[in-house]
$ cat upload.pdb   # PDB, C-alpha atoms, pLDDT in the B column
MODEL        1
ATOM      1  CA  LEU K 339     128.239-110.333  27.559  1.00 63.00           C
ATOM      2  CA  PRO K 340     129.436-111.855  30.809  1.00 76.00           C
ATOM      3  CA  ASP K 341     132.437-114.177  30.935  1.00 87.00           C
ATOM      4  CA  ILE K 342     130.610-117.511  31.219  1.00 92.00           C
ATOM      5  CA  PRO K 343     132.610-120.717  30.623  1.00 94.00           C
ATOM      6  CA  GLU K 344     131.911-122.328  27.254  1.00 94.00           C
ATOM      7  CA  ASP K 345     130.810-125.647  28.771  1.00 94.00           C
ATOM      8  CA  CYS K 346     128.252-123.780  30.910  1.00 93.00           C
ATOM      9  CA  VAL K 347     126.923-121.894  27.861  1.00 93.00           C
ATOM     10  CA  ASP K 348     126.683-125.171  25.936  1.00 92.00           C
ATOM     11  CA  GLY K 349     124.891-126.937  28.799  1.00 92.00           C
ATOM     12  CA  MET K 350     122.427-124.119  29.421  1.00 90.00           C
ATOM     13  CA  THR K 351     121.799-123.750  25.674  1.00 88.00           C
ATOM     14  CA  GLU K 352     120.834-127.421  25.633  1.00 85.00           C
ATOM     15  CA  MET K 353     118.459-126.859  28.575  1.00 83.00           C
ATOM     16  CA  PHE K 354     116.726-123.810  27.120  1.00 80.00           C
ATOM     17  CA  PHE K 355     116.826-124.178  23.359  1.00 78.00           C
ATOM     18  CA  MET K 356     117.084-127.888  22.584  1.00 76.00           C
ATOM     19  CA  SER K 357     114.494-129.106  25.087  1.00 78.00           C
ATOM     20  CA  ASP K 358     111.359-127.757  26.737  1.00 73.00           C
ATOM     21  CA  ILE K 359     112.456-128.696  30.269  1.00 73.00           C
ATOM     22  CA  ASN K 360     112.254-125.119  31.621  1.00 68.00           C
ATOM     23  CA  GLY K 361     109.062-124.110  29.888  1.00 66.00           C
ATOM     24  CA  GLY K 362     105.636-125.335  29.020  1.00 62.00           C
ATOM     25  CA  SER K 363     103.598-127.820  30.948  1.00 62.00           C
ATOM     26  CA  SER K 364     106.454-129.437  32.894  1.00 67.00           C
ATOM     27  CA  ILE K 365     106.973-126.235  34.889  1.00 75.00           C
ATOM     28  CA  GLU K 366     103.413-124.910  34.828  1.00 79.00           C
ATOM     29  CA  THR K 367     101.983-128.006  36.536  1.00 84.00           C
ATOM     30  CA  MET K 368     104.232-127.335  39.541  1.00 88.00           C
ATOM     31  CA  ILE K 369     103.423-123.646  40.083  1.00 87.00           C
ATOM     32  CA  ASP K 370     100.530-122.359  42.142  1.00 87.00           C
ATOM     33  CA  GLU K 371      99.185-119.542  39.963  1.00 82.00           C
ATOM     34  CA  SER K 372      97.832-117.589  42.931  1.00 83.00           C
ATOM     35  CA  THR K 373     101.146-117.506  44.835  1.00 86.00           C
ATOM     36  CA  GLY K 374     103.796-118.007  42.137  1.00 85.00           C
ATOM     37  CA  MET K 375     105.358-120.726  44.289  1.00 88.00           C
ATOM     38  CA  PHE K 376     105.927-124.483  44.050  1.00 89.00           C
ATOM     39  CA  ASN K 377     102.580-126.188  44.649  1.00 91.00           C
ATOM     40  CA  GLY K 378     103.972-129.292  46.360  1.00 90.00           C
ATOM     41  CA  ASP K 379     103.234-131.737  43.518  1.00 91.00           C
ATOM     42  CA  THR K 380     105.930-134.286  44.377  1.00 90.00           C
ATOM     43  CA  GLU K 381     104.993-136.616  41.519  1.00 90.00           C
ATOM     44  CA  ALA K 382     105.477-133.841  38.948  1.00 89.00           C
ATOM     45  CA  LEU K 383     108.717-132.809  40.689  1.00 90.00           C
ATOM     46  CA  ALA K 384     110.066-136.375  40.566  1.00 90.00           C
ATOM     47  CA  GLU K 385     109.294-136.590  36.817  1.00 89.00           C
ATOM     48  CA  PHE K 386     110.825-133.147  36.206  1.00 88.00           C
ATOM     49  CA  THR K 387     113.939-134.120  38.178  1.00 90.00           C
ATOM     50  CA  ALA K 388     114.358-137.312  36.138  1.00 91.00           C
ATOM     51  CA  GLN K 389     114.046-135.341  32.870  1.00 89.00           C
ATOM     52  CA  CYS K 390     116.514-132.718  34.099  1.00 89.00           C
ATOM     53  CA  THR K 391     119.046-135.344  35.189  1.00 91.00           C
ATOM     54  CA  GLU K 392     118.727-137.083  31.825  1.00 90.00           C
ATOM     55  CA  LEU K 393     119.655-133.783  30.143  1.00 88.00           C
ATOM     56  CA  GLY K 394     122.804-133.448  32.280  1.00 91.00           C
ATOM     57  CA  GLY K 395     121.352-131.048  34.794  1.00 91.00           C
ATOM     58  CA  HIS K 396     120.160-130.712  38.343  1.00 90.00           C
ATOM     59  CA  VAL K 397     117.083-129.107  39.827  1.00 90.00           C
ATOM     60  CA  THR K 398     117.360-125.853  41.711  1.00 88.00           C
ATOM     61  CA  THR K 399     114.754-123.483  42.977  1.00 87.00           C
ATOM     62  CA  MET K 400     114.700-120.130  41.316  1.00 85.00           C
ATOM     63  CA  SER K 401     112.897-116.859  41.767  1.00 85.00           C
ATOM     64  CA  ILE K 402     112.081-114.467  38.927  1.00 82.00           C
ATOM     65  CA  GLU K 403     111.066-110.829  39.350  1.00 83.00           C
ATOM     66  CA  TYR K 404     109.746-108.829  36.398  1.00 78.00           C
ATOM     67  CA  TYR K 405     109.923-105.013  36.289  1.00 75.00           C
ATOM     68  CA  GLY K 406     108.667-102.279  34.036  1.00 76.00           C
ATOM     69  CA  GLY K 407     107.312-101.988  30.537  1.00 73.00           C
ATOM     70  CA  TYR K 408     104.800-104.540  29.345  1.00 72.00           C
ATOM     71  CA  CYS K 409     105.676-106.807  32.286  1.00 71.00           C
ATOM     72  CA  ASP K 410     103.882-104.409  34.630  1.00 70.00           C
ATOM     73  CA  GLU K 411     100.871-104.236  32.317  1.00 70.00           C
ATOM     74  CA  ASP K 412     100.423-108.002  31.835  1.00 63.00           C
ATOM     75  CA  ASP K 413     100.819-109.199  35.398  1.00 61.00           C
ATOM     76  CA  GLU K 414      99.039-112.498  34.677  1.00 64.00           C
ATOM     77  CA  TYR K 415     101.714-113.691  32.259  1.00 65.00           C
ATOM     78  CA  TYR K 416     104.562-111.898  34.019  1.00 66.00           C
ATOM     79  CA  ALA K 417     103.707-112.856  37.581  1.00 73.00           C
ATOM     80  CA  ASP K 418     106.752-113.019  39.838  1.00 79.00           C
ATOM     81  CA  LEU K 419     107.804-116.542  40.747  1.00 81.00           C
ATOM     82  CA  THR K 420     109.307-117.509  44.100  1.00 84.00           C
ATOM     83  CA  SER K 421     111.410-120.624  44.689  1.00 85.00           C
ATOM     84  CA  VAL K 422     110.023-122.648  41.795  1.00 88.00           C
ATOM     85  CA  PRO K 423     111.785-125.746  40.438  1.00 89.00           C
ATOM     86  CA  HIS K 424     114.121-125.078  37.542  1.00 86.00           C
ATOM     87  CA  CYS K 425     116.675-127.190  35.681  1.00 88.00           C
ATOM     88  CA  GLU K 426     120.206-125.938  35.238  1.00 90.00           C
ATOM     89  CA  SER K 427     123.265-127.524  33.673  1.00 92.00           C
ATOM     90  CA  ASN K 428     125.725-129.411  35.849  1.00 94.00           C
ATOM     91  CA  MET K 429     128.413-127.436  33.974  1.00 94.00           C
ATOM     92  CA  CYS K 430     127.409-124.155  35.669  1.00 92.00           C
ATOM     93  CA  SER K 431     127.684-122.650  39.100  1.00 90.00           C
ATOM     94  CA  ASP K 432     124.545-120.900  40.363  1.00 87.00           C
ATOM     95  CA  ASP K 433     126.113-117.515  39.539  1.00 89.00           C
ATOM     96  CA  GLU K 434     126.968-118.610  35.994  1.00 91.00           C
ATOM     97  CA  ALA K 435     123.432-119.943  35.465  1.00 88.00           C
ATOM     98  CA  GLU K 436     121.979-116.609  36.649  1.00 87.00           C
ATOM     99  CA  GLU K 437     124.356-114.720  34.322  1.00 89.00           C
ATOM    100  CA  PHE K 438     123.378-116.965  31.395  1.00 89.00           C
ATOM    101  CA  ARG K 439     119.681-116.303  31.957  1.00 84.00           C
ATOM    102  CA  THR K 440     120.240-112.569  32.245  1.00 83.00           C
ATOM    103  CA  ALA K 441     122.502-112.324  29.185  1.00 85.00           C
ATOM    104  CA  TYR K 442     120.785-114.770  26.836  1.00 84.00           C
ATOM    105  CA  ILE K 443     117.256-115.627  27.969  1.00 80.00           C
ATOM    106  CA  VAL K 444     115.936-112.189  29.008  1.00 76.00           C
ATOM    107  CA  PRO K 445     116.554-110.546  25.602  1.00 76.00           C
ATOM    108  CA  ILE K 446     114.766-113.417  23.839  1.00 75.00           C
ATOM    109  CA  GLN K 447     111.866-114.258  26.157  1.00 72.00           C
ATOM    110  CA  HIS K 448     111.326-111.066  28.135  1.00 72.00           C
ATOM    111  CA  GLU K 449     112.279-108.255  25.780  1.00 74.00           C
ATOM    112  CA  LEU K 450     109.138-106.315  26.702  1.00 74.00           C
ATOM    113  CA  CYS K 451     110.288-105.946  30.307  1.00 77.00           C
ATOM    114  CA  GLU K 452     112.608-103.185  31.439  1.00 78.00           C
ATOM    115  CA  TRP K 453     114.368-105.562  33.809  1.00 76.00           C
ATOM    116  CA  VAL K 454     114.143-109.207  34.896  1.00 81.00           C
ATOM    117  CA  LYS K 455     115.966-110.561  37.921  1.00 81.00           C
ATOM    118  CA  TYR K 456     116.742-114.286  38.183  1.00 78.00           C
ATOM    119  CA  THR K 457     117.939-115.673  41.497  1.00 82.00           C
ATOM    120  CA  VAL K 458     118.892-119.283  42.111  1.00 82.00           C
ATOM    121  CA  THR K 459     117.652-119.808  45.631  1.00 74.00           C
ATOM    122  CA  ASP K 460     118.558-123.405  46.494  1.00 67.00           C
ATOM    123  CA  GLU K 461     119.189-126.871  45.180  1.00 57.00           C
ATOM    124  CA  MET K 462     115.991-128.861  45.248  1.00 57.00           C
ATOM    125  CA  LYS K 463     116.083-132.542  46.026  1.00 52.00           C
ATOM    126  CA  ALA K 464     113.686-134.954  44.390  1.00 45.00           C
ATOM    127  CA  PRO K 465     111.232-136.428  46.847  1.00 45.00           C
ATOM    128  CA  LYS K 466     112.183-139.855  48.111  1.00 45.00           C
ATOM    129  CA  MET K 467     109.840-142.638  47.237  1.00 41.00           C
ATOM    130  CA  PRO K 468     108.403-144.454  50.249  1.00 42.00           C
ATOM    131  CA  LYS K 469     110.093-147.751  51.053  1.00 44.00           C
ATOM    132  CA  ALA K 470     108.137-150.945  50.798  1.00 43.00           C
ATOM    133  CA  PRO K 471     107.251-152.402  54.189  1.00 46.00           C
ATOM    134  CA  LYS K 472     109.556-155.172  55.355  1.00 51.00           C
ATOM    135  CA  MET K 473     108.168-158.634  55.310  1.00 49.00           C
ATOM    136  CA  PRO K 474     108.163-160.420  58.647  1.00 53.00           C
ATOM    137  CA  LYS K 475     110.742-163.157  59.002  1.00 56.00           C
ATOM    138  CA  ALA K 476     109.482-166.709  58.757  1.00 54.00           C
ATOM    139  CA  PRO K 477     109.387-168.488  62.142  1.00 55.00           C
TER     140      PRO K 477
ENDMDL
END

$ encode --input "upload.pdb" --output "structure tokens"
Amino acid sequence: LPDIPEDCVDGMTEMFFMSDINGGSSIETMIDESTGMFNGDTEALAEFTAQCTELGGHVTTMSIEYYGGYCDEDDEYYADLTSVPHCESNMCSDDEAEEFRTAYIVPIQHELCEWVKYTVTDEMKAPKMPKAPKMPKAP
């Protein structure tokens, strides 16, 4: 296993195993199934970002490529994802988060694939809420 700092392992374990932040409907509502990319749903992204921050994380964009084995056969479930929002622990660098996913998540969630490549592509900022219009000053 890679040499990942203990606080990073603890933080990422919280993200992946003690919450459903990086799986289920919170992620699926933000992915365009036809392209495997973020669909632009800023409301869902703002909610996801708030949940991620509450868990001690920050939102990045991440790409996932699946290769070989059953992953090639079931390309609906194992469709490659490109620059989709993902929550990672504030205790990890991008490289450490990628190493954690490769060492711990792939064997559990993607054991039917020959290889899975995770790449953190960027830090994603939550959309800013529009400011309320200023009221005119009284004469």

$ closest_residue --input "upload.pdb" --among "K:Ser357, K:Thr367, K:Thr440, K:Ser427" --to "Thr457 (chain K)" --atoms "all atoms listed in the file"
K:Thr440

$ resolve_selection --input "upload.pdb" --expression "the PyMOL selection byres ((chain K and resi 379-381) around 9)" --output "PyMOL selection string"
chain K and resi 367-369+376-378+382-386+464-465

$ resolve_selection --input "upload.pdb" --expression "the PyMOL selection byres ((chain K and resi 426) around 8)" --output "ChimeraX atom specification"
/K:350,353,390,395-398,424-425,427-428,430,435

$ write_last_selection --input "upload.pdb" --atoms "C-alpha atoms" --output "PDB file, in the frame of the given file"
ATOM      1  CA  MET K 350     122.427-124.119  29.421  1.00 90.00           C
ATOM      2  CA  MET K 353     118.459-126.859  28.575  1.00 83.00           C
ATOM      3  CA  CYS K 390     116.514-132.718  34.099  1.00 89.00           C
ATOM      4  CA  GLY K 395     121.352-131.048  34.794  1.00 91.00           C
ATOM      5  CA  HIS K 396     120.160-130.712  38.343  1.00 90.00           C
ATOM      6  CA  VAL K 397     117.083-129.107  39.827  1.00 90.00           C
ATOM      7  CA  THR K 398     117.360-125.853  41.711  1.00 88.00           C
ATOM      8  CA  HIS K 424     114.121-125.078  37.542  1.00 86.00           C
ATOM      9  CA  CYS K 425     116.675-127.190  35.681  1.00 88.00           C
ATOM     10  CA  SER K 427     123.265-127.524  33.673  1.00 92.00           C
ATOM     11  CA  ASN K 428     125.725-129.411  35.849  1.00 94.00           C
ATOM     12  CA  CYS K 430     127.409-124.155  35.669  1.00 92.00           C
ATOM     13  CA  ALA K 435     123.432-119.943  35.465  1.00 88.00           C
TER      14      ALA K 435
END

$ closest_residue --input "upload.pdb" --among "K:Ile365, K:Ile402, K:Cys346, K:Leu393" --to "Val458 (chain K)" --atoms "all atoms listed in the file"
K:Ile402

$ atom_distance --input "upload.pdb" --atom1 "CA of Asp345 (chain K)" --atom2 "CA of Thr420 (chain K)"
27.6 Å

$ residues_near_point --input "upload.pdb" --point "(116.3, -110.0, 36.6)" --cutoff "10 Å" --atoms "all atoms listed in the file" --output "list in words"
Ser401, Ile402, Glu403, Tyr404, Tyr405, Glu436, Glu437, Arg439, Thr440, Ala441, Val444, His448, Cys451, Glu452, Trp453, Val454, Lys455, Tyr456 and Thr457 of chain K

$ write_last_selection --input "upload.pdb" --atoms "C-alpha atoms" --output "tab-separated table (two decimals), in the frame of the given file"
chain	number	residue	atom	x	y	z
K	401	SER	CA	112.90	-116.86	41.77
K	402	ILE	CA	112.08	-114.47	38.93
K	403	GLU	CA	111.07	-110.83	39.35
K	404	TYR	CA	109.75	-108.83	36.40
K	405	TYR	CA	109.92	-105.01	36.29
K	436	GLU	CA	121.98	-116.61	36.65
K	437	GLU	CA	124.36	-114.72	34.32
K	439	ARG	CA	119.68	-116.30	31.96
K	440	THR	CA	120.24	-112.57	32.24
K	441	ALA	CA	122.50	-112.32	29.18
K	444	VAL	CA	115.94	-112.19	29.01
K	448	HIS	CA	111.33	-111.07	28.14
K	451	CYS	CA	110.29	-105.95	30.31
K	452	GLU	CA	112.61	-103.18	31.44
K	453	TRP	CA	114.37	-105.56	33.81
K	454	VAL	CA	114.14	-109.21	34.90
K	455	LYS	CA	115.97	-110.56	37.92
K	456	TYR	CA	116.74	-114.29	38.18
K	457	THR	CA	117.94	-115.67	41.50

$ atom_distance --input "upload.pdb" --atom1 "CA of Met375 (chain K)" --atom2 "CA of Gly394 (chain K)"
24.7 Å

$ atom_distance --input "upload.pdb" --atom1 "CA of Glu392 (chain K)" --atom2 "CA of Ala417 (chain K)"
29.1 Å

$ closest_residue --input "upload.pdb" --among "K:Leu419, K:Phe354, K:Asp341, K:Gln389" --to "Ile443 (chain K)" --atoms "only C-alpha atoms"
K:Phe354

$ closest_residue --input "upload.pdb" --among "K:Val422, K:Glu371, K:Gly407, K:Met429" --to "Asp348 (chain K)" --atoms "all atoms listed in the file"
K:Met429

$ closest_residue --input "upload.pdb" --among "K:Ile359, K:Pro343, K:Cys409, K:Gly349" --to "Gln447 (chain K)" --atoms "all atoms listed in the file"
K:Cys409

$ decode --input "upload.pdb" --residues "region 365-376 of chain K" --atoms "all heavy atoms" --output "short mmCIF file (atom, residue, chain, number, x, y, z; two decimals), in the first residue's frame"
data_model
loop_
_atom_site.label_atom_id
_atom_site.label_comp_id
_atom_site.auth_asym_id
_atom_site.auth_seq_id
_atom_site.Cartn_x
_atom_site.Cartn_y
_atom_site.Cartn_z
N ILE K 365 -24.16 12.59 -6.38
CA ILE K 365 -23.27 12.68 -7.53
C ILE K 365 -24.05 12.48 -8.83
O ILE K 365 -23.87 13.23 -9.79
CB ILE K 365 -22.15 11.62 -7.44
CG1 ILE K 365 -21.16 11.98 -6.34
CG2 ILE K 365 -21.42 11.45 -8.76
CD1 ILE K 365 -20.26 13.13 -6.66
N GLU K 366 -24.90 11.49 -8.86
CA GLU K 366 -25.61 11.14 -10.09
C GLU K 366 -26.43 12.28 -10.66
O GLU K 366 -26.55 12.41 -11.88
CB GLU K 366 -26.49 9.91 -9.86
CG GLU K 366 -25.68 8.65 -9.64
CD GLU K 366 -26.53 7.47 -9.20
OE1 GLU K 366 -27.77 7.60 -9.16
OE2 GLU K 366 -25.95 6.42 -8.91
N THR K 367 -26.99 13.14 -9.80
CA THR K 367 -27.80 14.25 -10.30
C THR K 367 -26.97 15.31 -11.00
O THR K 367 -27.51 16.14 -11.71
CB THR K 367 -28.60 14.92 -9.16
OG1 THR K 367 -27.68 15.44 -8.20
CG2 THR K 367 -29.56 13.96 -8.51
N MET K 368 -25.64 15.25 -10.83
CA MET K 368 -24.77 16.26 -11.44
C MET K 368 -24.03 15.76 -12.68
O MET K 368 -23.25 16.49 -13.25
CB MET K 368 -23.76 16.76 -10.40
CG MET K 368 -24.39 17.51 -9.26
SD MET K 368 -23.18 18.26 -8.16
CE MET K 368 -22.46 16.82 -7.39
N ILE K 369 -24.26 14.52 -13.08
CA ILE K 369 -23.52 13.95 -14.21
C ILE K 369 -24.45 13.76 -15.40
O ILE K 369 -25.51 13.17 -15.28
CB ILE K 369 -22.87 12.61 -13.82
CG1 ILE K 369 -21.85 12.82 -12.70
CG2 ILE K 369 -22.21 11.96 -15.03
CD1 ILE K 369 -21.28 11.54 -12.15
N ASP K 370 -24.02 14.25 -16.53
CA ASP K 370 -24.74 14.03 -17.79
C ASP K 370 -24.39 12.62 -18.25
O ASP K 370 -23.23 12.33 -18.57
CB ASP K 370 -24.30 15.07 -18.82
CG ASP K 370 -25.01 14.92 -20.15
OD1 ASP K 370 -25.29 13.78 -20.57
OD2 ASP K 370 -25.28 15.95 -20.78
N GLU K 371 -25.37 11.74 -18.25
CA GLU K 371 -25.11 10.33 -18.59
C GLU K 371 -24.57 10.14 -20.00
O GLU K 371 -23.83 9.21 -20.26
CB GLU K 371 -26.38 9.50 -18.41
CG GLU K 371 -26.77 9.34 -16.96
CD GLU K 371 -28.01 8.49 -16.77
OE1 GLU K 371 -28.34 7.69 -17.68
OE2 GLU K 371 -28.65 8.61 -15.72
N SER K 372 -24.92 11.02 -20.92
CA SER K 372 -24.47 10.84 -22.30
C SER K 372 -23.01 11.26 -22.50
O SER K 372 -22.34 10.76 -23.40
CB SER K 372 -25.38 11.61 -23.27
OG SER K 372 -25.28 13.00 -23.04
N THR K 373 -22.51 12.18 -21.66
CA THR K 373 -21.14 12.66 -21.83
C THR K 373 -20.20 12.24 -20.71
O THR K 373 -18.99 12.28 -20.87
CB THR K 373 -21.10 14.21 -21.90
OG1 THR K 373 -21.54 14.74 -20.64
CG2 THR K 373 -21.95 14.73 -23.03
N GLY K 374 -20.77 11.87 -19.54
CA GLY K 374 -19.93 11.55 -18.39
C GLY K 374 -19.29 12.78 -17.77
O GLY K 374 -18.29 12.69 -17.06
N MET K 375 -19.88 13.95 -18.01
CA MET K 375 -19.34 15.20 -17.51
C MET K 375 -20.35 15.91 -16.60
O MET K 375 -21.53 15.57 -16.61
CB MET K 375 -18.95 16.11 -18.67
CG MET K 375 -17.89 15.51 -19.57
SD MET K 375 -17.51 16.55 -21.00
CE MET K 375 -16.52 17.80 -20.19
N PHE K 376 -19.88 16.91 -15.87
CA PHE K 376 -20.73 17.73 -15.03
C PHE K 376 -21.80 18.37 -15.90
O PHE K 376 -21.51 18.92 -16.96
CB PHE K 376 -19.89 18.80 -14.31
CG PHE K 376 -20.69 19.78 -13.51
CD1 PHE K 376 -21.49 19.35 -12.45
CD2 PHE K 376 -20.64 21.13 -13.79
CE1 PHE K 376 -22.23 20.26 -11.70
CE2 PHE K 376 -21.37 22.05 -13.04
CZ PHE K 376 -22.16 21.61 -11.99
#
